[in-house]
Amino acid sequence: MPSLLQNIGNNQPLPQNVTDLLQTLPGGVVYLTGSQWLGTARANSDWDFFADYNNLNCHALLDAGYNKCNASLYTDPSVVEVWAKGDVHVQLVKDAALKSKVQDMIRPILLAATNRCDKKVLRFVWQTALLVAVGGEV
């Protein structure tokens with residue numbers, strides 16, 4: 001069963017590598033994030049996603065040729081593992097539905113800050129919003 005992409009909003013055809021990802025994860029939900037989600041992507045921007053961290057998703061990504069990356073580069077405390085294949089990156093997180101709600105909640109802040117702030121500030125906004133959403137226990 002293909003995965004359900006929850007929040008792609010541009011109605012553009014998806015590149016093959018993205019549709020391949022959607023076929024990779026076994027019936028789970030995949031959320032778009034990063035510049036593609038925010039609407040600030042450039043022609044050469046990568047595709048960032050997140051999904052729930054579980055054994056099925058880990059094995060499916062490994063079997064599909066994804067490589068595990070250094071998750072410590074992500075300051076988002078909900079990220080458990082990061083997998084990549086070409087220009088597609090998948091964050092496996094503790095609670096994807098919660099992260100999606102937080103992402104939608106802070107979208108206006110991210111849009112306003114994207115052109116004026118460095119990534120450290122944007123990461124701080126993410127971390128703070130996630131901590132607030134779970135009562136300080138991410």
# chains A, B, ... in the order shown; residues from 1 in each chain; ligands from 1
>>> select_by_dssp(residues="chain A", states="strand (DSSP E)", output="list in words")
Leu4, Leu5, Val29, Val30, Tyr31, Leu32, Thr33, Trp47, Asp48, Phe49, Phe50, Ala51, Asp52, Asn67, Lys68, Cys69, Val79, Val80, Glu81, Val82, Trp83, Ala84, Lys85, Val88, His89, Val90, Gln91, Leu92 and Val93 of chain A
>>> write_last_selection(atoms="C-alpha atoms", output="mmCIF file, in the first residue's frame")
data_model
loop_
_atom_site.group_PDB
_atom_site.id
_atom_site.type_symbol
_atom_site.label_atom_id
_atom_site.label_comp_id
_atom_site.auth_asym_id
_atom_site.auth_seq_id
_atom_site.Cartn_x
_atom_site.Cartn_y
_atom_site.Cartn_z
ATOM 1 C CA LEU A 4 -0.133 8.953 2.010
ATOM 2 C CA LEU A 5 1.575 12.278 1.510
ATOM 3 C CA VAL A 29 1.984 8.650 6.421
ATOM 4 C CA VAL A 30 4.738 10.845 4.981
ATOM 5 C CA TYR A 31 4.828 14.579 5.572
ATOM 6 C CA LEU A 32 6.595 17.115 3.404
ATOM 7 C CA THR A 33 8.821 19.638 5.194
ATOM 8 C CA TRP A 47 13.033 17.123 -0.894
ATOM 9 C CA ASP A 48 12.656 16.760 2.862
ATOM 10 C CA PHE A 49 10.060 14.554 4.501
ATOM 11 C CA PHE A 50 9.273 13.127 7.885
ATOM 12 C CA ALA A 51 7.445 10.015 9.018
ATOM 13 C CA ASP A 52 7.035 8.037 12.204
ATOM 14 C CA ASN A 67 21.421 5.468 3.682
ATOM 15 C CA LYS A 68 21.279 6.450 7.316
ATOM 16 C CA CYS A 69 22.707 9.928 7.899
ATOM 17 C CA VAL A 79 14.217 13.439 15.010
ATOM 18 C CA VAL A 80 15.398 9.907 15.793
ATOM 19 C CA GLU A 81 17.003 8.972 12.465
ATOM 20 C CA VAL A 82 17.572 10.573 9.068
ATOM 21 C CA TRP A 83 17.771 8.595 5.819
ATOM 22 C CA ALA A 84 18.801 9.899 2.401
ATOM 23 C CA LYS A 85 18.821 8.776 -1.202
ATOM 24 C CA VAL A 88 15.327 12.928 -0.921
ATOM 25 C CA HIS A 89 15.800 13.067 2.858
ATOM 26 C CA VAL A 90 13.495 11.361 5.340
ATOM 27 C CA GLN A 91 13.477 12.266 9.007
ATOM 28 C CA LEU A 92 12.063 9.493 11.158
ATOM 29 C CA VAL A 93 10.539 11.201 14.176
#
>>> residues_around(residues="Asp76 (chain A)", least_positions_apart="6", cutoff="8 Å", atoms="only C-alpha atoms", output="ChimeraX atom specification")
/A:123,126-127
>>> select_by_dssp(residues="chain A", states="helix (DSSP H, G or I)", output="ChimeraX atom specification")
/A:16-24,34-38,55-63,71-73,96-114,119-133
>>> atom_distance(atom1="CA of Gln23 (chain A)", atom2="CA of Tyr53 (chain A)")
16.9 Å
>>> residues_around(residues="Leu131 (chain A)", least_positions_apart="3", cutoff="12 Å", atoms="only C-alpha atoms", output="list in words")
Asp76, Pro77, Ser78, Leu98, Lys99, Val102, Phe124, Val125, Trp126, Gln127, Thr128, Val134, Gly135, Gly136, Glu137 and Val138 of chain A
>>> atom_distance(atom1="CA of Ala41 (chain A)", atom2="CA of Thr19 (chain A)")
18.0 Å
>>> residues_around(residues="Leu38 (chain A)", least_positions_apart="4", cutoff="9 Å", atoms="only C-alpha atoms", output="list in words")
Thr33, Gly34, Arg107, Leu110 and Leu111 of chain A
>>> write_last_selection(atoms="N, CA and C atoms", output="PDB file, in the first residue's frame")
ATOM      1  N   THR A  33       8.306  18.579   4.338  1.00  0.00           N
ATOM      2  CA  THR A  33       8.821  19.638   5.194  1.00  0.00           C
ATOM      3  C   THR A  33       9.892  20.400   4.416  1.00  0.00           C
ATOM      4  N   GLY A  34      10.569  21.294   5.049  1.00  0.00           N
ATOM      5  CA  GLY A  34      11.650  22.025   4.398  1.00  0.00           C
ATOM      6  C   GLY A  34      11.142  23.033   3.383  1.00  0.00           C
ATOM      7  N   ARG A 107       4.166  27.865  10.642  1.00  0.00           N
ATOM      8  CA  ARG A 107       4.420  28.230   9.241  1.00  0.00           C
ATOM      9  C   ARG A 107       4.511  29.747   9.029  1.00  0.00           C
ATOM     10  N   LEU A 110       7.832  30.928  10.254  1.00  0.00           N
ATOM     11  CA  LEU A 110       8.918  30.489   9.381  1.00  0.00           C
ATOM     12  C   LEU A 110       8.957  31.297   8.092  1.00  0.00           C
ATOM     13  N   LEU A 111       7.798  31.563   7.521  1.00  0.00           N
ATOM     14  CA  LEU A 111       7.754  32.364   6.292  1.00  0.00           C
ATOM     15  C   LEU A 111       8.279  33.771   6.535  1.00  0.00           C
TER      16      LEU A 111
END
>>> closest_residue(among="A:Ala43, A:Ala64, A:Asn55, A:Ile106", to="Leu22 (chain A)", atoms="only C-alpha atoms")
A:Ala64
>>> atom_distance(atom1="CA of Gly28 (chain A)", atom2="CA of Ser72 (chain A)")
24.2 Å
>>> closest_residue(among="A:Cys58, A:Val18, A:Lys101, A:Lys120", to="Val132 (chain A)", atoms="only C-alpha atoms")
A:Lys101
